[in-house]
$ cat coords-v4.txt   # compact mmCIF, C-alpha atoms
# COMPACT_ATOMS: atom_id res chain seq x y z
CA MET A 1 94.01 109.42 142.26
CA SER A 2 92.57 112.80 141.29
CA SER A 3 88.91 113.02 140.36
CA ARG A 4 88.22 112.12 136.79
CA PRO A 5 87.04 114.37 133.99
CA ARG A 6 83.45 113.93 132.87
CA SER A 7 83.38 111.70 129.81
CA SER A 8 80.06 113.26 128.77
CA GLU A 9 81.79 116.63 128.42
CA GLY A 10 84.59 114.94 126.50
CA ALA A 11 81.99 113.47 124.14
CA GLU A 12 80.45 116.92 123.68
CA ILE A 13 83.82 118.35 122.75
CA ALA A 14 84.51 115.45 120.39
CA ALA A 15 81.22 116.27 118.68
CA ALA A 16 82.20 119.94 118.48
CA VAL A 17 85.53 118.96 116.93
CA ALA A 18 83.76 116.78 114.38
CA ALA A 19 81.40 119.67 113.56
CA SER A 20 84.19 122.20 113.14
CA GLU A 21 85.70 122.13 109.68
CA VAL A 22 88.85 123.86 110.90
CA VAL A 23 89.54 121.84 114.05
CA ARG A 24 88.57 118.56 112.43
CA SER A 25 90.99 119.20 109.60
CA TRP A 26 93.88 119.71 112.02
CA ILE A 27 93.50 117.04 114.70
CA ARG A 28 93.89 113.38 113.79
CA PRO A 29 90.70 111.36 114.38
CA GLU A 30 92.15 109.25 117.19
CA TRP A 31 92.48 112.43 119.26
CA HIS A 32 89.09 113.99 118.50
CA ASP A 33 87.79 112.84 121.88
CA PRO A 34 89.99 114.56 124.49
CA THR A 35 88.81 112.31 127.36
CA PRO A 36 91.79 109.89 127.41
CA LEU A 37 94.22 112.81 127.44
CA ALA A 38 92.29 114.41 130.27
CA VAL A 39 92.17 111.20 132.33
CA GLN A 40 95.93 110.81 131.99
CA ALA A 41 96.69 114.47 132.77
CA TRP A 42 94.45 114.52 135.86
CA ALA A 43 96.10 111.37 137.22
CA ARG A 44 99.38 113.25 137.60
CA ASP A 45 99.43 115.02 140.95
CA ALA A 46 102.76 116.83 141.03
CA VAL A 47 102.67 118.31 137.54
CA ARG A 48 99.47 118.11 135.55
CA TYR A 49 100.50 117.46 131.95
CA VAL A 50 100.03 115.01 129.13
CA VAL A 51 101.90 114.23 125.92
CA ALA A 52 100.13 113.33 122.66
CA ASP A 53 102.05 111.93 119.69
CA ASP A 54 101.06 112.11 116.02
CA PHE A 55 98.52 114.67 117.08
CA PHE A 56 98.01 116.81 113.99
CA GLU A 57 97.13 115.78 110.47
CA PRO A 58 100.51 115.47 108.73
CA ALA A 59 99.69 117.72 105.75
CA LYS A 60 98.57 120.52 108.07
CA LEU A 61 101.62 120.33 110.28
CA ASP A 62 103.92 120.10 107.26
CA ALA A 63 102.40 123.35 106.00
CA LEU A 64 102.87 124.99 109.39
CA HIS A 65 106.46 123.78 109.50
CA GLU A 66 107.20 125.15 106.04
CA HIS A 67 105.67 128.51 106.98
CA HIS A 68 107.49 128.48 110.34
CA GLY A 69 110.78 128.27 108.47
CA ARG A 70 110.08 131.46 106.51
CA LEU A 71 109.27 133.73 109.45
CA GLU A 72 111.61 136.33 110.93
CA TYR A 73 112.51 135.59 114.54
CA SER A 74 113.98 137.88 117.15
CA GLN A 75 115.55 137.23 120.54
CA ASP A 76 112.89 136.55 123.16
CA ASP A 77 113.03 137.20 126.92
CA VAL A 78 116.09 139.44 126.51
CA GLY A 79 118.34 139.47 129.57
CA LEU A 80 116.68 136.46 131.19
CA ASN A 81 117.83 132.86 131.52
CA TYR A 82 115.54 131.75 128.70
CA ASP A 83 117.49 131.57 125.45
CA SER A 84 115.43 131.42 122.27
CA THR A 85 114.10 133.44 119.38
CA ALA A 86 110.39 133.86 118.77
CA ILE A 87 107.69 135.64 116.84
CA ARG A 88 104.25 136.35 118.23
CA VAL A 89 101.60 135.29 115.70
CA ASP A 90 98.22 135.45 117.45
CA LYS A 91 97.47 138.83 115.81
CA GLN A 92 98.46 137.53 112.37
CA PRO A 93 95.57 135.47 110.99
CA ASP A 94 97.44 134.84 107.75
CA VAL A 95 100.07 132.77 109.58
CA VAL A 96 99.55 129.05 109.00
CA GLY A 97 98.22 127.40 112.15
CA THR A 98 96.46 130.39 113.65
CA GLU A 99 93.14 129.29 112.14
CA LEU A 100 93.30 126.39 114.61
CA LEU A 101 95.02 128.08 117.52
CA LEU A 102 92.53 130.97 117.61
CA ASP A 103 89.47 128.71 117.29
CA PRO A 104 87.20 128.60 120.38
CA VAL A 105 86.59 124.85 119.94
CA TRP A 106 90.32 124.28 120.20
CA HIS A 107 90.46 126.43 123.33
CA ARG A 108 87.66 124.39 124.89
CA TYR A 109 89.47 121.18 123.94
CA ALA A 110 92.75 122.25 125.58
CA ALA A 111 91.01 123.51 128.72
CA PHE A 112 89.12 120.23 129.11
CA VAL A 113 92.31 118.18 128.78
CA LEU A 114 93.76 119.94 131.83
CA GLY A 115 90.55 120.64 133.74
CA ALA A 116 91.24 124.35 133.44
CA SER A 117 88.76 127.20 133.69
CA LEU A 118 89.34 129.89 131.09
CA ASN A 119 88.80 133.15 132.98
CA ALA A 120 89.42 135.20 129.85
CA PRO A 121 87.77 133.16 127.11
CA GLY A 122 89.17 133.91 123.68
CA ARG A 123 92.31 135.49 125.02
CA THR A 124 95.47 133.76 123.82
CA VAL A 125 99.10 134.42 123.08
CA VAL A 126 100.84 132.25 120.49
CA LYS A 127 104.53 132.33 119.78
CA TYR A 128 106.34 130.38 117.12
CA ARG A 129 109.70 129.65 118.62
CA ARG A 130 113.16 128.72 117.40
CA HIS A 131 116.09 127.79 119.60
CA PRO A 132 119.20 128.34 117.44
CA PRO A 133 121.97 125.72 117.60
CA GLY A 134 123.89 126.03 120.83
CA SER A 135 121.09 127.75 122.76
CA ASN A 136 121.63 127.95 126.50
CA GLY A 137 118.29 126.42 127.55
CA PHE A 138 115.45 127.62 129.78
CA TRP A 139 115.77 128.01 133.54
CA PRO A 140 113.29 126.01 135.70
CA HIS A 141 110.20 128.20 135.96
CA THR A 142 106.44 128.36 136.12
CA ASP A 143 104.37 130.32 133.63
CA ARG A 144 102.05 131.51 136.41
CA ASP A 145 101.71 135.26 136.14
CA PRO A 146 99.87 137.28 138.84
CA GLU A 147 99.06 140.13 136.43
CA HIS A 148 97.77 137.97 133.60
CA PRO A 149 96.97 134.53 135.08
CA LYS A 150 97.71 131.86 132.52
CA ALA A 151 95.50 128.79 132.70
CA LEU A 152 97.59 126.49 130.54
CA ALA A 153 100.12 126.15 127.76
CA VAL A 154 100.10 123.98 124.66
CA LEU A 155 103.53 123.16 123.28
CA GLY A 156 103.91 121.78 119.75
CA TYR A 157 107.14 120.45 118.28
CA LEU A 158 108.50 120.45 114.74
CA ASN A 159 111.76 118.52 114.98
CA ARG A 160 112.07 115.42 112.78
CA GLY A 161 114.36 112.65 113.94
CA TRP A 162 115.22 114.45 117.17
CA LYS A 163 117.45 112.52 119.56
CA GLY A 164 118.23 112.95 123.21
CA GLU A 165 121.77 113.94 122.34
CA ASP A 166 120.38 116.91 120.36
CA GLY A 167 119.38 118.43 123.71
CA GLY A 168 116.39 120.71 124.03
CA LEU A 169 114.52 118.28 126.30
CA LEU A 170 111.47 119.61 128.11
CA GLN A 171 111.98 118.84 131.80
CA LEU A 172 109.15 118.73 134.34
CA TRP A 173 109.98 119.25 138.00
CA ALA A 174 108.43 118.43 141.35
CA THR A 175 109.38 121.06 143.94
CA GLU A 176 109.39 121.64 147.68
CA PRO A 177 110.42 124.84 149.49
CA ALA A 178 114.04 125.05 150.59
CA ASP A 179 116.10 127.39 152.75
CA ASP A 180 118.15 130.04 151.06
CA ALA A 181 121.25 128.73 152.80
CA GLU A 182 120.88 125.39 151.03
CA LEU A 183 120.98 126.91 147.57
CA ALA A 184 123.44 125.34 145.17
CA VAL A 185 122.23 126.91 141.94
CA ARG A 186 121.47 130.63 141.80
CA TRP A 187 119.86 132.51 138.93
CA ASP A 188 122.42 135.35 138.93
CA ASP A 189 125.33 132.95 138.56
CA TRP A 190 124.04 131.59 135.26
CA GLU A 191 123.19 134.69 133.22
CA ASN A 192 124.24 134.25 129.58
CA ARG A 193 125.64 130.80 130.34
CA GLU A 194 124.77 127.38 129.02
CA LEU A 195 122.50 125.74 131.63
CA ASP A 196 124.38 122.47 131.40
CA PHE A 197 123.67 121.57 135.02
CA LEU A 198 120.18 120.65 133.83
CA GLU A 199 121.65 117.72 131.90
CA ARG A 200 123.59 116.37 134.87
CA SER A 201 121.40 116.71 137.93
CA PRO A 202 118.00 115.05 138.35
CA GLU A 203 117.80 116.71 141.79
CA LEU A 204 118.77 120.29 142.62
CA THR A 205 118.41 122.91 145.28
CA ILE A 206 117.85 125.86 143.03
CA GLU A 207 116.30 129.29 142.76
CA VAL A 208 113.35 128.44 140.55
CA ALA A 209 111.52 131.26 138.79
CA ALA A 210 108.24 131.24 140.69
CA GLU A 211 105.10 133.34 140.36
CA LEU A 212 106.52 136.25 142.38
CA GLY A 213 110.21 136.01 141.55
CA VAL A 214 112.96 133.49 142.24
CA ARG A 215 112.46 131.18 145.24
CA PRO A 216 114.74 128.49 146.73
CA MET A 217 113.35 125.04 146.10
CA HIS A 218 114.32 121.41 146.24
CA ALA A 219 113.56 120.23 142.73
CA ARG A 220 113.64 116.79 141.16
CA VAL A 221 113.00 115.91 137.55
CA LEU A 222 109.90 113.82 136.98
CA ASP A 223 110.11 113.54 133.22
CA GLN A 224 112.07 114.64 130.18
CA VAL A 225 110.18 114.99 126.92
CA VAL A 226 111.88 114.68 123.53
CA PRO A 227 110.63 117.58 121.32
CA ARG A 228 109.70 115.25 118.47
CA TYR A 229 107.84 116.25 115.29
CA ASN A 230 104.06 116.23 115.73
CA ARG A 231 104.27 115.79 119.50
CA VAL A 232 102.05 118.04 121.62
CA VAL A 233 102.33 118.71 125.36
CA PHE A 234 99.43 120.14 127.38
CA LEU A 235 100.71 121.82 130.55
CA ASP A 236 98.49 123.16 133.35
CA PHE A 237 99.13 126.23 135.53
CA GLN A 238 95.93 126.37 137.54
CA THR A 239 96.05 123.13 139.53
CA THR A 240 99.84 122.83 139.68
CA PRO A 241 102.60 125.43 139.10
CA SER A 242 104.18 122.96 136.66
CA PHE A 243 107.80 124.02 136.97
CA HIS A 244 109.57 123.21 133.73
CA SER A 245 112.84 123.87 131.92
CA ILE A 246 114.59 123.15 128.64
CA THR A 247 118.06 121.66 128.42
CA PRO A 248 120.67 123.34 126.19
CA THR A 249 120.31 122.74 122.48
CA GLY A 250 123.06 120.95 120.52
CA PRO A 251 124.01 121.50 116.86
CA ARG A 252 120.45 121.45 115.52
CA PRO A 253 117.88 124.24 115.77
CA ARG A 254 114.89 123.34 117.91
CA GLU A 255 111.56 124.50 116.50
CA GLY A 256 107.99 124.58 117.74
CA PHE A 257 105.23 126.75 119.07
CA VAL A 258 103.80 127.69 122.42
CA GLN A 259 100.26 128.82 123.07
CA TRP A 260 98.94 130.22 126.35
CA LEU A 261 95.29 130.39 127.31
CA TYR A 262 94.07 132.58 130.18
CA MET B 1 106.39 92.73 113.95
CA SER B 2 104.39 94.66 111.41
CA ASP B 3 101.62 92.06 111.63
CA TRP B 4 101.22 92.76 115.34
CA LEU B 5 102.19 96.36 115.98
CA HIS B 6 100.53 99.58 114.90
CA ASP B 7 102.50 101.11 112.04
CA LYS B 8 103.73 103.99 114.18
CA HIS B 9 105.47 101.63 116.61
CA VAL B 10 107.33 99.42 114.12
CA ASP B 11 110.38 101.72 114.04
CA PRO B 12 112.06 101.29 117.45
CA ALA B 13 114.40 104.29 117.10
CA PRO B 14 112.07 107.02 118.42
CA ILE B 15 110.82 104.68 121.14
CA ALA B 16 114.39 104.11 122.26
CA GLU B 17 115.03 107.86 122.37
CA ASP B 18 112.02 108.40 124.62
CA ALA B 19 113.06 105.55 126.92
CA ARG B 20 116.66 106.70 127.19
CA CYS B 21 115.67 110.27 128.01
CA ARG B 22 113.70 109.31 131.12
CA PRO B 23 115.52 110.82 134.06
CA HIS B 24 115.46 107.81 136.43
CA PHE B 25 115.27 104.60 134.41
CA SER B 26 114.15 103.54 130.98
CA TYR B 27 110.47 103.14 130.29
CA VAL B 28 108.11 104.19 127.58
CA VAL B 29 104.33 104.42 127.16
CA LEU B 30 102.91 103.50 123.76
CA ASP B 31 99.28 104.21 122.89
CA HIS B 32 97.38 102.21 120.24
CA PHE B 33 100.06 99.56 120.56
CA PHE B 34 98.65 96.55 118.71
CA ARG B 35 97.04 96.79 115.31
CA PRO B 36 93.25 97.00 115.90
CA GLU B 37 92.53 93.49 114.57
CA VAL B 38 95.31 92.02 116.72
CA PHE B 39 94.04 93.84 119.77
CA GLU B 40 90.57 92.38 119.26
CA ARG B 41 92.03 88.89 118.95
CA VAL B 42 94.01 89.22 122.16
CA VAL B 43 91.05 90.64 124.07
CA GLU B 44 88.88 87.72 122.95
CA GLY B 45 91.39 85.21 124.35
CA ASP B 46 90.01 82.23 126.25
CA VAL B 47 89.80 83.39 129.87
CA ASP B 48 88.47 79.98 131.01
CA LYS B 49 91.97 78.54 130.82
CA LEU B 50 93.31 80.88 133.47
CA VAL B 51 94.71 79.33 136.63
CA GLU B 52 96.08 80.78 139.84
CA ASP B 53 99.63 81.84 139.22
CA ARG B 54 101.55 80.59 142.23
CA ALA B 55 104.84 81.99 141.07
CA PHE B 56 103.46 85.49 141.33
CA VAL B 57 101.03 85.01 144.16
CA GLU B 58 101.81 88.46 145.55
CA TRP B 59 100.32 89.93 142.41
CA GLN B 60 97.01 88.21 143.17
CA HIS B 61 96.28 87.28 139.64
CA ALA B 62 95.28 84.35 137.53
CA ALA B 63 97.28 83.72 134.41
CA LEU B 64 97.57 81.71 131.30
CA ASP B 65 101.25 80.99 131.06
CA PHE B 66 102.67 79.75 127.81
CA ARG B 67 106.14 79.91 126.37
CA PHE B 68 107.04 80.00 122.74
CA ASP B 69 110.72 80.01 123.33
CA PRO B 70 112.91 79.53 126.38
CA ALA B 71 113.70 83.20 126.72
CA CYS B 72 110.22 84.60 126.44
CA ARG B 73 107.24 84.14 128.73
CA ILE B 74 103.74 85.46 128.23
CA ARG B 75 101.26 86.01 130.99
CA ALA B 76 97.73 87.25 130.68
CA GLU B 77 94.69 88.23 132.65
CA VAL B 78 95.54 90.03 135.82
CA ARG B 79 92.31 89.64 137.79
CA SER B 80 93.38 92.03 140.50
CA ALA B 81 96.77 93.24 141.47
CA THR B 82 98.37 94.71 144.54
CA PRO B 83 101.47 96.89 144.55
CA ALA B 84 104.50 94.89 143.60
CA VAL B 85 107.79 95.17 141.86
CA PRO B 86 108.30 92.93 138.86
CA ALA B 87 111.58 91.19 139.37
CA GLU B 88 111.87 88.13 137.25
CA GLY B 89 112.55 89.40 133.78
CA ARG B 90 114.98 91.98 132.53
CA ILE B 91 112.50 93.65 130.22
CA ALA B 92 108.76 93.73 130.69
CA LEU B 93 106.02 94.69 128.28
CA VAL B 94 102.54 95.26 129.68
CA VAL B 95 99.60 95.98 127.41
CA TYR B 96 96.32 96.92 129.03
CA LEU B 97 93.32 95.15 127.57
CA SER B 98 90.44 96.35 129.71
CA GLY B 99 89.54 97.62 133.15
CA ASP B 100 90.84 100.59 135.05
CA GLY B 101 93.90 101.27 137.12
CA VAL B 102 97.06 103.25 137.47
CA LEU B 103 100.65 102.10 137.18
CA GLU B 104 102.78 104.15 139.55
CA ILE B 105 106.46 104.43 138.74
CA PHE B 106 108.95 105.26 141.50
CA ASP B 107 112.48 106.60 141.65
CA ASN B 108 115.18 104.88 143.70
CA LYS B 109 113.96 106.66 146.85
CA ASP B 110 110.41 105.34 146.44
CA ARG B 111 109.00 108.67 145.34
CA VAL B 112 106.42 108.63 142.58
CA VAL B 113 107.71 110.04 139.31
CA ASP B 114 104.79 109.09 137.08
CA ARG B 115 101.26 107.73 137.17
CA VAL B 116 100.29 105.95 133.96
CA VAL B 117 96.59 105.29 133.42
CA ALA B 118 95.65 101.85 132.08
CA PHE B 119 93.91 102.59 128.80
CA GLU B 120 92.88 99.89 126.39
CA ASN B 121 95.68 99.00 124.00
CA ARG B 122 98.20 101.16 125.87
CA ALA B 123 101.59 99.49 126.36
CA VAL B 124 104.25 100.20 128.94
CA LEU B 125 107.71 98.85 128.19
CA PHE B 126 110.33 99.01 130.89
CA ALA B 127 113.60 97.58 132.13
CA THR B 128 112.66 95.62 135.23
CA ARG B 129 116.22 95.57 136.50
CA TYR B 130 115.79 99.19 137.49
CA ALA B 131 112.05 99.71 137.56
CA ARG B 132 110.10 100.10 140.75
CA CYS B 133 106.42 100.22 140.10
CA SER B 134 103.03 99.17 141.40
CA PHE B 135 99.67 98.69 139.78
CA THR B 136 96.49 99.73 141.55
CA PRO B 137 93.19 98.58 140.05
CA ASP B 138 90.43 101.17 140.04
CA GLY B 139 86.98 99.67 139.72
CA LYS B 140 86.67 97.09 136.98
CA GLU B 141 88.94 94.03 136.98
CA PRO B 142 91.92 94.84 134.83
CA ARG B 143 93.03 92.47 132.12
CA VAL B 144 96.57 92.69 130.97
CA PHE B 145 98.74 91.13 128.31
CA ALA B 146 102.20 90.92 129.76
CA THR B 147 105.51 89.50 128.68
CA GLN B 148 108.80 89.34 130.46
CA ILE B 149 112.00 88.73 128.57
CA VAL B 150 114.43 86.95 130.83
$ encode --input "coords-v4.txt" --output "structure tokens"
Amino acid sequence: MSSRPRSSEGAEIAAAVAASEVVRSWIRPEWHDPTPLAVQAWARDAVRYVVADDFFEPAKLDALHEHHGRLEYSQDDVGLNYDSTAIRVDKQPDVVGTELLLDPVWHRYAAFVLGASLNAPGRTVVKYRRHPPGSNGFWPHTDRDPEHPKALAVLGYLNRGWKGEDGGLLQLWATEPADDAELAVRWDDWENRELDFLERSPELTIEVAAELGVRPMHARVLDQVVPRYNRVVFLDFQTTPSFHSITPTGPRPREGFVQWLY
Amino acid sequence: MSDWLHDKHVDPAPIAEDARCRPHFSYVVLDHFFRPEVFERVVEGDVDKLVEDRAFVEWQHAALDFRFDPACRIRAEVRSATPAVPAEGRIALVVYLSGDGVLEIFDNKDRVVDRVVAFENRAVLFATRYARCSFTPDGKEPRVFATQIV
């Protein structure tokens, strides 16, 4: 098992949450102490992540959801195998939710959960995201970026009553290097196509989108997360590359947000 | 059900969606499983009545085994456990009461797909027909409330 996070630091952060009017008003009391989330995340060797349900206070998230529905979205990652629309909101303090997502106590909380060091404290990018019905999905990739090293991502979901058959599952992959000759799934073959192979194959030899471009890898799915309302996923990029993907979306739009810390 | 389970777990529909979406076999992890007052009652159970459980000797645990109907068996109080695969029941529910440890869950090629930490009042529900898992104590003696539906 990986080393464990220091519960004394978790207690300090819980106290900081309790002292922060903003953060306290957003996070439900049972999650004020991030230690259990950290212990669970650190126990996972291949992909360091953890899922928290019923994470935000319902009234706050309802307000974010209502605001989310009134924003203007545009196609994101144009020309790449990541099909969604998004709007960047971290420079818009009037957008509901940014009061939490820009708060340094929240940044400290998220970093502790994943054991991450924030090398650019205060720096964050937040996108509210919407996958329209029939979206193609996201190719297996890491968010590691050599120019702007991301420490972690926080993913929040806004989809009530979501079912597996609605698609849009977050997939987490364990990977090992493969030879190019073994490749069965190549990036170029799937441009502007529904990534339906993600729904069929728990193991692939695929060109994953790695830190320095596509690389052949043996990949197997470890987990698939339903993007349920008020579910939050903390995903590390410092300890593990955390290759992840999103299956194609069915007839419902898939809504949520992503936040990166650096 | 509502007397025993936390309000957020009474509706089985979202739990079923999570279980069905697992890529290898169905299982689900449920935090804050029992209502707080129920959890306290279960934790305060009479450990003096525990006896060596010969039927599951490979699990190295003592258990209080009582049945309230022919299809349902309850075991309690794992004193220490070694890796094993539960095989008797078709569905197993394990609720961690105290102690430390990690439940490792394997795919059909014996590769770890998940490591679930044993937190107090955290439940793991899984289909034993397909599950391959082991529990490794870490420090304090774990105590577990476990049922198998056969």
$ residues_around --input "coords-v4.txt" --residues "A:Phe55" --least-positions-apart "2" --cutoff "6 Å" --atoms "all atoms listed in the file" --output "ChimeraX atom specification"
/A:28,52-53,230
$ interface_residues --input "coords-v4.txt" --of "chain A" --to "chain B" --cutoff "6 Å" --atoms "all atoms listed in the file" --output "tab-separated table (two decimals) with C-alpha atoms, keeping the file's coordinate frame"
chain	number	residue	atom	x	y	z
A	40	GLN	CA	95.93	110.81	131.99
A	44	ARG	CA	99.38	113.25	137.60
A	163	LYS	CA	117.45	112.52	119.56
A	222	LEU	CA	109.90	113.82	136.98
A	223	ASP	CA	110.11	113.54	133.22
A	224	GLN	CA	112.07	114.64	130.18
$ atom_distance --input "coords-v4.txt" --atom1 "atom CA of A:Glu207" --atom2 "atom CA of A:Gly115"
28.6 Å
$ atom_distance --input "coords-v4.txt" --atom1 "atom CA of A:Asp143" --atom2 "atom CA of A:Arg186"
19.0 Å
$ atom_distance --input "coords-v4.txt" --atom1 "atom CA of B:Arg122" --atom2 "atom CA of A:Leu170"
22.8 Å
$ residues_around --input "coords-v4.txt" --residues "stretch 235-251 of chain A" --least-positions-apart "2" --cutoff "6 Å" --atoms "all atoms listed in the file" --output "list of chain:residue names"
A:Val47, A:Arg48, A:Tyr49, A:Leu114, A:Pro133, A:Gly134, A:Ser135, A:Asn136, A:Gly137, A:Phe138, A:Trp139, A:Pro140, A:His141, A:Thr142, A:Ala151, A:Leu152, A:Ala153, A:Asp166, A:Gly167, A:Gly168, A:Leu169, A:Leu170, A:Gln171, A:Leu172, A:Trp173, A:Leu198
$ residues_around --input "coords-v4.txt" --residues "A:His107" --least-positions-apart "6" --cutoff "12 Å" --atoms "only C-alpha atoms" --output "ChimeraX atom specification"
/A:13,16-17,23,34,99-101,113-125,151-154,234,259-262
